[in-house]
$ cat work.cif   # mmCIF, C-alpha atoms
data_protein
loop_
_atom_site.label_atom_id
_atom_site.label_comp_id
_atom_site.auth_asym_id
_atom_site.auth_seq_id
_atom_site.Cartn_x
_atom_site.Cartn_y
_atom_site.Cartn_z
CA MET C 1 -99.06 127.66 45.69
CA ALA C 2 -99.72 128.16 41.98
CA GLU C 3 -97.73 125.99 39.62
CA ILE C 4 -95.34 127.73 37.22
CA ASP C 5 -96.22 127.03 33.59
CA ILE C 6 -92.75 126.23 32.27
CA GLU C 7 -93.98 125.85 28.69
CA SER C 8 -95.50 129.33 28.64
CA GLN C 9 -92.19 130.79 29.84
CA ALA C 10 -90.12 128.91 27.25
CA MET C 11 -88.64 130.98 24.45
CA ARG C 12 -90.61 130.54 21.24
CA THR C 13 -87.95 129.41 18.77
CA LEU C 14 -87.75 129.39 14.98
CA ILE C 15 -85.15 127.18 13.25
CA VAL C 16 -83.90 128.37 9.84
CA ASP C 17 -81.64 126.15 7.74
CA ASP C 18 -81.73 124.94 4.13
CA GLU C 19 -80.34 121.51 5.08
CA PRO C 20 -83.10 119.14 6.29
CA LEU C 21 -80.65 117.01 8.27
CA ALA C 22 -79.34 120.10 10.06
CA VAL C 23 -82.89 121.14 10.98
CA GLU C 24 -83.61 117.65 12.28
CA ARG C 25 -80.40 117.63 14.33
CA ILE C 26 -81.21 120.99 15.92
CA GLN C 27 -84.81 119.94 16.63
CA VAL C 28 -83.60 116.82 18.43
CA ILE C 29 -81.29 118.93 20.63
CA CYS C 30 -83.97 121.54 21.30
CA ALA C 31 -86.48 118.88 22.34
CA GLU C 32 -84.30 118.21 25.40
CA LEU C 33 -84.16 121.85 26.47
CA PRO C 34 -87.13 123.06 28.53
CA ALA C 35 -86.03 126.69 28.20
CA ILE C 36 -87.17 126.83 24.56
CA ARG C 37 -90.09 125.62 22.46
CA VAL C 38 -89.72 125.20 18.69
CA VAL C 39 -92.70 126.84 16.99
CA GLY C 40 -91.60 126.49 13.37
CA THR C 41 -88.88 125.78 10.83
CA ALA C 42 -87.94 127.46 7.54
CA SER C 43 -85.64 126.34 4.74
CA ASP C 44 -84.81 129.75 3.22
CA GLY C 45 -84.53 133.39 4.21
CA ALA C 46 -87.77 134.61 2.65
CA ALA C 47 -89.78 131.89 4.39
CA ALA C 48 -88.02 132.71 7.65
CA LEU C 49 -89.16 136.32 7.49
CA ARG C 50 -92.75 135.33 6.69
CA LEU C 51 -92.86 132.91 9.59
CA ALA C 52 -91.18 135.36 11.95
CA GLU C 53 -93.87 137.92 11.19
CA LYS C 54 -96.63 135.39 11.84
CA LEU C 55 -95.18 133.44 14.78
CA GLU C 56 -93.33 136.28 16.56
CA PRO C 57 -90.53 134.06 17.90
CA ASP C 58 -88.38 135.08 20.86
CA LEU C 59 -85.35 133.31 19.39
CA VAL C 60 -84.16 132.40 15.89
CA LEU C 61 -81.55 129.69 15.30
CA LEU C 62 -80.27 130.90 11.96
CA ASP C 63 -78.07 129.30 9.32
CA MET C 64 -75.62 131.70 7.67
CA THR C 65 -75.37 130.44 4.08
CA MET C 66 -78.67 130.01 2.23
CA PRO C 67 -79.67 130.71 -1.39
CA GLU C 68 -80.96 134.19 -2.28
CA LEU C 69 -81.45 135.77 1.17
CA ASP C 70 -78.69 134.57 3.50
CA GLY C 71 -78.58 134.57 7.27
CA LEU C 72 -77.02 138.01 7.54
CA GLY C 73 -79.80 139.43 5.35
CA VAL C 74 -82.46 137.76 7.49
CA ALA C 75 -80.88 139.06 10.69
CA ARG C 76 -80.74 142.61 9.31
CA LYS C 77 -84.43 142.46 8.44
CA LEU C 78 -85.36 141.05 11.84
CA ALA C 79 -83.36 143.78 13.57
CA GLU C 80 -85.73 146.36 12.05
CA ASN C 81 -88.63 144.99 14.11
CA GLU C 82 -89.82 146.99 17.09
CA GLU C 83 -89.10 143.97 19.30
CA PRO C 84 -86.64 141.83 17.31
CA PRO C 85 -86.03 138.23 18.35
CA ALA C 86 -82.69 137.09 19.72
CA VAL C 87 -80.51 135.49 17.04
CA ILE C 88 -78.04 132.62 17.35
CA PHE C 89 -76.17 131.86 14.14
CA VAL C 90 -75.63 128.14 13.50
CA THR C 91 -73.22 127.70 10.58
CA ALA C 92 -70.35 125.71 9.13
CA HIS C 93 -68.40 128.90 8.36
CA ASP C 94 -66.38 130.86 10.92
CA HIS C 95 -65.48 133.85 8.74
CA PHE C 96 -68.75 135.76 9.22
CA ALA C 97 -68.23 136.26 12.95
CA VAL C 98 -67.42 139.98 12.80
CA GLU C 99 -70.47 140.74 10.64
CA ALA C 100 -72.65 138.60 12.91
CA PHE C 101 -71.60 140.49 15.99
CA ASP C 102 -72.33 143.79 14.25
CA LEU C 103 -75.94 142.56 14.21
CA ASP C 104 -75.93 141.99 17.98
CA ALA C 105 -76.25 138.21 17.66
CA ILE C 106 -76.33 136.29 20.93
CA ASP C 107 -73.85 133.66 19.77
CA TYR C 108 -72.25 131.96 16.78
CA VAL C 109 -72.29 128.16 16.88
CA LEU C 110 -70.22 126.12 14.44
CA LYS C 111 -71.45 122.97 12.74
CA PRO C 112 -71.42 120.09 13.35
CA VAL C 113 -73.55 121.26 16.26
CA SER C 114 -72.92 119.65 19.63
CA ALA C 115 -75.71 119.53 22.18
CA ASP C 116 -73.54 121.11 24.89
CA ARG C 117 -72.43 124.00 22.70
CA LEU C 118 -75.94 124.83 21.50
CA GLU C 119 -77.27 124.56 25.05
CA ARG C 120 -74.68 127.09 26.25
CA ALA C 121 -75.71 129.48 23.49
CA ILE C 122 -79.38 129.12 24.38
CA GLU C 123 -78.62 129.66 28.06
CA ARG C 124 -77.00 132.94 27.07
CA ALA C 125 -80.14 133.92 25.12
CA VAL C 126 -82.35 133.06 28.10
CA ALA C 127 -80.11 135.08 30.43
CA ARG C 128 -80.40 138.12 28.20
CA ARG C 129 -84.16 137.78 27.81
CA GLY C 130 -85.99 140.80 29.10
CA GLU C 131 -82.87 142.92 29.45
CA ARG C 132 -83.29 146.47 28.32
CA LYS C 133 -81.08 146.85 25.29
CA GLU C 134 -78.61 149.68 25.38
CA PRO C 135 -78.42 151.88 22.28
CA HIS C 136 -76.34 150.04 19.70
CA SER C 137 -72.80 151.34 19.47
CA ASP C 138 -71.15 151.93 16.13
CA TRP C 139 -67.98 150.35 17.54
CA LEU C 140 -67.23 146.71 18.27
CA ASP C 141 -66.91 145.76 21.91
CA GLU C 142 -66.55 141.99 21.40
CA LEU C 143 -65.16 139.65 18.75
CA TRP C 144 -65.57 135.95 18.02
CA VAL C 145 -62.37 134.16 17.09
CA PRO C 146 -61.91 130.54 15.91
CA HIS C 147 -60.35 128.33 18.57
CA ARG C 148 -60.22 124.55 18.12
CA SER C 149 -63.74 123.44 17.18
CA GLU C 150 -65.65 126.52 18.31
CA LEU C 151 -65.53 130.29 18.49
CA LEU C 152 -64.35 132.22 21.54
CA ARG C 153 -65.86 135.53 22.54
CA ILE C 154 -63.10 138.10 23.12
CA ALA C 155 -63.78 141.49 24.68
CA VAL C 156 -62.20 144.23 22.56
CA SER C 157 -61.10 145.83 25.85
CA GLU C 158 -58.70 142.86 26.26
CA VAL C 159 -57.00 143.45 22.89
CA HIS C 160 -53.87 145.58 23.11
CA GLN C 161 -52.30 145.05 19.67
CA ILE C 162 -53.48 143.94 16.22
CA ASP C 163 -51.10 142.83 13.48
CA ALA C 164 -51.92 142.17 9.83
CA GLU C 165 -51.02 138.72 8.48
CA ARG C 166 -52.11 138.65 4.82
CA ASP C 167 -55.91 138.21 4.79
CA TYR C 168 -55.95 137.74 8.57
CA VAL C 169 -55.29 139.82 11.64
CA ARG C 170 -53.62 138.57 14.79
CA LEU C 171 -55.25 139.79 17.99
CA HIS C 172 -52.90 140.09 20.98
CA VAL C 173 -54.90 139.66 24.17
CA GLY C 174 -53.99 140.10 27.83
CA ASP C 175 -52.03 142.59 29.90
CA PRO C 176 -49.30 144.07 27.66
CA ALA C 177 -47.23 145.04 30.70
CA GLU C 178 -47.24 141.39 31.87
CA PRO C 179 -46.56 139.36 28.69
CA ASP C 180 -45.89 136.17 30.66
CA GLU C 181 -49.16 136.38 32.62
CA GLY C 182 -51.81 134.89 30.36
CA SER C 183 -50.88 136.81 27.22
CA ARG C 184 -52.20 135.05 24.10
CA SER C 185 -53.02 135.68 20.47
CA TYR C 186 -55.69 134.62 17.98
CA LEU C 187 -56.05 134.75 14.20
CA LEU C 188 -59.20 136.26 12.71
CA LEU C 189 -60.14 136.20 9.02
CA GLN C 190 -60.49 139.96 8.52
CA THR C 191 -58.43 142.67 6.85
CA ILE C 192 -56.76 145.17 9.12
CA ALA C 193 -58.49 148.04 7.30
CA GLY C 194 -61.89 146.39 7.74
CA LEU C 195 -61.33 145.85 11.45
CA GLU C 196 -59.94 149.35 11.94
CA ALA C 197 -63.20 150.80 10.61
CA ARG C 198 -65.11 148.95 13.37
CA LEU C 199 -62.86 149.98 16.28
CA ASP C 200 -63.44 153.06 18.43
CA PRO C 201 -60.78 155.60 17.34
CA GLU C 202 -60.81 157.03 20.86
CA LYS C 203 -59.37 153.71 22.07
CA PHE C 204 -57.34 152.38 19.13
CA ILE C 205 -54.92 153.98 16.69
CA ARG C 206 -53.21 152.61 13.61
CA ILE C 207 -49.47 153.30 13.66
CA HIS C 208 -48.43 151.31 10.61
CA ARG C 209 -50.08 149.63 7.63
CA SER C 210 -49.62 146.36 9.55
CA THR C 211 -50.25 147.46 13.16
CA ILE C 212 -53.06 148.86 15.30
CA LEU C 213 -52.45 149.61 18.98
CA ARG C 214 -54.75 150.26 21.90
CA ARG C 215 -53.96 153.83 22.85
CA ASN C 216 -53.28 153.04 26.51
CA ASN C 217 -50.70 150.46 25.40
CA ILE C 218 -48.50 153.31 24.14
CA ARG C 219 -46.15 154.54 26.87
CA GLY C 220 -44.50 157.21 24.76
CA LEU C 221 -43.09 158.24 21.38
CA ARG C 222 -39.41 158.17 20.48
CA HIS C 223 -37.62 160.08 17.72
CA ASP C 224 -35.01 157.78 16.19
CA GLY C 225 -33.56 160.40 13.83
CA LEU C 226 -33.98 161.23 10.14
CA GLY C 227 -37.73 161.68 10.63
CA VAL C 228 -38.21 158.14 11.95
CA TRP C 229 -40.40 157.71 15.04
CA SER C 230 -41.30 154.71 17.18
CA ALA C 231 -44.05 153.99 19.67
CA GLU C 232 -42.79 152.70 23.00
CA LEU C 233 -45.14 150.09 24.48
CA GLN C 234 -46.00 149.27 28.07
CA ASN C 235 -43.89 146.10 27.95
CA GLY C 236 -40.79 148.04 26.83
CA ASP C 237 -40.94 147.07 23.15
CA ALA C 238 -40.78 149.73 20.44
CA LEU C 239 -42.65 149.62 17.13
CA ARG C 240 -41.82 151.84 14.18
CA ILE C 241 -44.52 154.30 13.16
CA GLY C 242 -45.27 154.40 9.43
CA ARG C 243 -44.88 157.80 7.77
CA THR C 244 -48.50 157.72 6.58
CA TYR C 245 -49.71 157.48 10.19
CA LEU C 246 -47.13 159.68 11.92
CA SER C 247 -49.11 162.92 11.96
CA LYS C 248 -52.15 161.22 13.51
CA VAL C 249 -50.03 159.52 16.17
CA LYS C 250 -48.28 162.82 16.99
CA ALA C 251 -51.68 164.53 17.22
CA MET C 252 -52.69 161.95 19.80
CA ALA C 253 -49.72 163.07 21.89
CA GLY C 254 -50.51 166.75 21.34
CA ARG C 255 -47.50 167.27 19.06
#
$ encode --input "work.cif" --output "structure tokens"
Amino acid sequence: MAEIDIESQAMRTLIVDDEPLAVERIQVICAELPAIRVVGTASDGAAALRLAEKLEPDLVLLDMTMPELDGLGVARKLAENEEPPAVIFVTAHDHFAVEAFDLDAIDYVLKPVSADRLERAIERAVARRGERKEPHSDWLDELWVPHRSELLRIAVSEVHQIDAERDYVRLHVGDPAEPDEGSRSYLLLQTIAGLEARLDPEKFIRIHRSTILRRNNIRGLRHDGLGVWSAELQNGDALRIGRTYLSKVKAMAGR
């Protein structure tokens, strides 16, 4: 029986970070993972693109904040390739998660990097290797939200209500008809208008300057008198509809 060449099957990996100690830390972790093989390192975005063109990596472990061309800029450029590498962002900042997911990143790992967390991200990249990519949707289908010392991946299909809280939004996740069965909420650094622009309008509708609802969370509309309307939710609650959004909400109901 022929032996399997594990090294030849390992994902060729490029590490990009402007902090030498961070590069060294990631290299040490990667050295223990047979699924990948580090083929190069770069300390800025321009160098990363030059090396990516020459080395043709399968995976890029990419810092977010770098001088001149940052990680988002590098990822956008890489995405233009005919066969772009998988990207895992490795960063100290959690507030770029929405933009990162727009670029179809595999994962978003927060510094200081733990070996277990980076290994899980790389396992996800290996699992997706060779998959035929579906055409990229204009609408978000997943979000990363800060939770303790890492970021959780939340399916947008699990979100039933979004409330504005200053510069943040609160995502309400779980079955809205069963609020006591695993219902939970998370804060995300993102304006409600910015998030609204990334959500499929066939599935979500804004009813107030501070509230977005999943359409199937709305059980009905109620006229409270004097031109005031409310949206009745699956859990029995009622939320007032802002006058600016009333015509769109009524149109949804065929009114």
$ resolve_selection --input "work.cif" --expression "the PyMOL selection byres ((chain C and resi 117-125) around 12)" --output "number ranges by chain"
C: 10-13, 25-37, 58-61, 85-91, 104-116, 126-131, 149-153
$ closest_residue --input "work.cif" --among "C:Phe101, C:Trp139, C:Phe204, C:Tyr168" --to "Val249 in chain C" --atoms "only C-alpha atoms"
C:Phe204
$ resolve_selection --input "work.cif" --expression "the PyMOL selection byres ((chain C and resi 172) around 7)" --output "number ranges by chain"
C: 159-162, 170-171, 173-174, 184-186
$ resolve_selection --input "work.cif" --expression "the PyMOL selection byres ((chain C and resi 67) around 12)" --output "CSV table (one decimal) with C-alpha atoms, in the coordinates of the input"
chain,number,residue,atom,x,y,z
C,17,ASP,CA,-81.6,126.2,7.7
C,18,ASP,CA,-81.7,124.9,4.1
C,19,GLU,CA,-80.3,121.5,5.1
C,43,SER,CA,-85.6,126.3,4.7
C,44,ASP,CA,-84.8,129.8,3.2
C,45,GLY,CA,-84.5,133.4,4.2
C,46,ALA,CA,-87.8,134.6,2.6
C,47,ALA,CA,-89.8,131.9,4.4
C,63,ASP,CA,-78.1,129.3,9.3
C,64,MET,CA,-75.6,131.7,7.7
C,65,THR,CA,-75.4,130.4,4.1
C,66,MET,CA,-78.7,130.0,2.2
C,68,GLU,CA,-81.0,134.2,-2.3
C,69,LEU,CA,-81.4,135.8,1.2
C,70,ASP,CA,-78.7,134.6,3.5
C,71,GLY,CA,-78.6,134.6,7.3
C,72,LEU,CA,-77.0,138.0,7.5
C,73,GLY,CA,-79.8,139.4,5.4
C,74,VAL,CA,-82.5,137.8,7.5
$ residues_around --input "work.cif" --residues "Ala164 in chain C" --least-positions-apart "6" --cutoff "7 Å" --atoms "only C-alpha atoms" --output "number ranges by chain"
C: 170, 192, 210-211
$ atom_distance --input "work.cif" --atom1 "CA of Ala92 in chain C" --atom2 "CA of Arg148 in chain C"
13.6 Å
$ atom_distance --input "work.cif" --atom1 "CA of Thr41 in chain C" --atom2 "CA of Glu99 in chain C"
23.7 Å
$ closest_residue --input "work.cif" --among "C:Ala238, C:Arg214, C:Leu140, C:Asp175" --to "Leu195 in chain C" --atoms "all atoms listed in the file"
C:Leu140
$ atom_distance --input "work.cif" --atom1 "CA of Glu56 in chain C" --atom2 "CA of Gly40 in chain C"
10.4 Å
$ closest_residue --input "work.cif" --among "C:Asn216, C:Val16, C:Leu239, C:Glu83" --to "Arg50 in chain C" --atoms "only C-alpha atoms"
C:Val16
